[in-house]
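Peer 1: Below are the structure tokens for one structure; questions will follow.
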Amino acid sequence: MKVYIVMMLQFIIWSGYTLIEWLSKHDQLLFKVIMFFVFFYLAFIIGNKITNSFRKTLFITTLSLVVYTSIHYTMARYIH
């Protein structure tokens with residue numbers, strides 16, 4: 001159950017990152033990369049607080065990022 005909660009919270013975080021990236025479309029690439037690492041760190045810290053395992057949190061965070069990115073780009077491809 002903890003893994004499911006962490007995945008849902010991280011999907012919310014990745015959605016927030018997508019929204020903020022969309023709002024800052026005129027920013028330089030460096031600032032977008034820094035913003036990504038801030039959101040990744042935030043997702044990792046929240047996941048680590050819930051699971052209390054570094055390795056499990058790293059796996060879940062990476063998995064949630066890959067799943068969210070694949071869903072995001074698949075939807076963007078079929079909508080546009």
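We label chains A, B, ... in the order they appear in the structure tokens, count residues from 1 in each chain, and number ligands from 1 in the order shown.
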I'd like the neighbourhood of Val38 in chain A as a list in words, where a residue qualifies if any of its atoms comes within 12 Å (using only C-alpha atoms), though same-chain residues fewer than 6 positions away should be ignored.
Peer 2: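 Contacts, with the query itself left out: Ile13, Trp14, Gly16, Tyr17, Phe31, Lys32, Phe44 and Ile45 of chain A.
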Peer 1: Calculate how many Å separate CA of Ile46 in chain A from CA of Val6 in chain A, rounding to one decimal.
Peer 2: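 If I compute the distance from CA of Ile46 in chain A to CA of Val6 in chain A, I get 7.7 Å.
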Peer 1: Please list as a PyMOL selection string every residue within 10 Å of Leu9 in chain A, counting only C-alpha atoms and excluding residues in the same chain fewer than 5 positions away.
Peer 2: chain A and resi 3-4+14-15+43+46-47+64
Peer 1: Would you pick out the contacts of Thr62 in chain A at 10 Å or less, using only C-alpha atoms, so that residues sharing its chain but fewer than 5 positions from it are not included, and give the list as a compact mmCIF listing (two decimals) with all heavy atoms, in the first residue's frame?
Peer 2:
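Final output, part39.txt:
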```txt
# COMPACT_ATOMS: atom_id res chain seq x y z
N PHE A 40 12.71 16.28 -8.70
CA PHE A 40 13.14 14.90 -8.45
C PHE A 40 13.53 14.72 -6.99
O PHE A 40 13.16 13.72 -6.36
CB PHE A 40 14.33 14.54 -9.36
CG PHE A 40 14.71 13.09 -9.30
CD1 PHE A 40 14.06 12.17 -10.10
CD2 PHE A 40 15.70 12.66 -8.45
CE1 PHE A 40 14.40 10.82 -10.05
CE2 PHE A 40 16.05 11.32 -8.38
CZ PHE A 40 15.40 10.40 -9.19
N ALA A 43 10.34 14.67 -4.89
CA ALA A 43 9.67 13.37 -5.02
C ALA A 43 10.41 12.29 -4.25
O ALA A 43 9.80 11.44 -3.59
CB ALA A 43 9.55 12.99 -6.49
N PHE A 44 11.73 12.33 -4.30
CA PHE A 44 12.54 11.33 -3.59
C PHE A 44 12.39 11.47 -2.08
O PHE A 44 12.22 10.48 -1.37
CB PHE A 44 14.00 11.46 -4.01
CG PHE A 44 14.86 10.39 -3.42
CD1 PHE A 44 14.91 9.14 -4.01
CD2 PHE A 44 15.60 10.63 -2.28
CE1 PHE A 44 15.70 8.14 -3.45
CE2 PHE A 44 16.38 9.64 -1.72
CZ PHE A 44 16.43 8.39 -2.31
N LYS A 56 14.44 1.26 -2.29
CA LYS A 56 13.06 1.14 -2.76
C LYS A 56 12.55 2.49 -3.26
O LYS A 56 11.88 2.57 -4.29
CB LYS A 56 12.16 0.63 -1.64
CG LYS A 56 10.75 0.34 -2.09
CD LYS A 56 9.85 -0.08 -0.93
CE LYS A 56 10.09 -1.52 -0.57
NZ LYS A 56 9.10 -2.02 0.40
N THR A 57 12.91 3.56 -2.56
CA THR A 57 12.48 4.89 -2.96
C THR A 57 13.11 5.29 -4.29
O THR A 57 12.44 5.86 -5.15
CB THR A 57 12.85 5.93 -1.89
OG1 THR A 57 12.26 5.54 -0.66
CG2 THR A 57 12.38 7.31 -2.27
N VAL A 67 7.13 5.97 -16.09
CA VAL A 67 5.72 5.73 -16.43
C VAL A 67 5.03 7.04 -16.76
O VAL A 67 4.30 7.15 -17.75
CB VAL A 67 5.01 5.00 -15.27
CG1 VAL A 67 3.51 4.98 -15.47
CG2 VAL A 67 5.54 3.59 -15.13
N TYR A 68 5.25 8.08 -15.93
CA TYR A 68 4.61 9.37 -16.19
C TYR A 68 5.08 9.96 -17.52
O TYR A 68 4.27 10.46 -18.31
CB TYR A 68 4.89 10.36 -15.07
CG TYR A 68 4.22 11.69 -15.31
CD1 TYR A 68 2.87 11.85 -15.06
CD2 TYR A 68 4.93 12.76 -15.84
CE1 TYR A 68 2.23 13.05 -15.33
CE2 TYR A 68 4.30 13.97 -16.10
CZ TYR A 68 2.96 14.11 -15.84
OH TYR A 68 2.33 15.29 -16.10
```
Peer 1: Closest to Thr61 in chain A among A:Ile20, A:Ile34, A:Leu42, A:Met1, using only C-alpha atoms?
Peer 2: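 Distance minimum relative to Thr61 in chain A lands on A:Leu42.
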Peer 1: Could you check how far CA of Leu63 in chain A sits from CA of Met7 in chain A, in Å to one decimal?
Peer 2: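 Distance reported for this atom pair: 8.6 Å.
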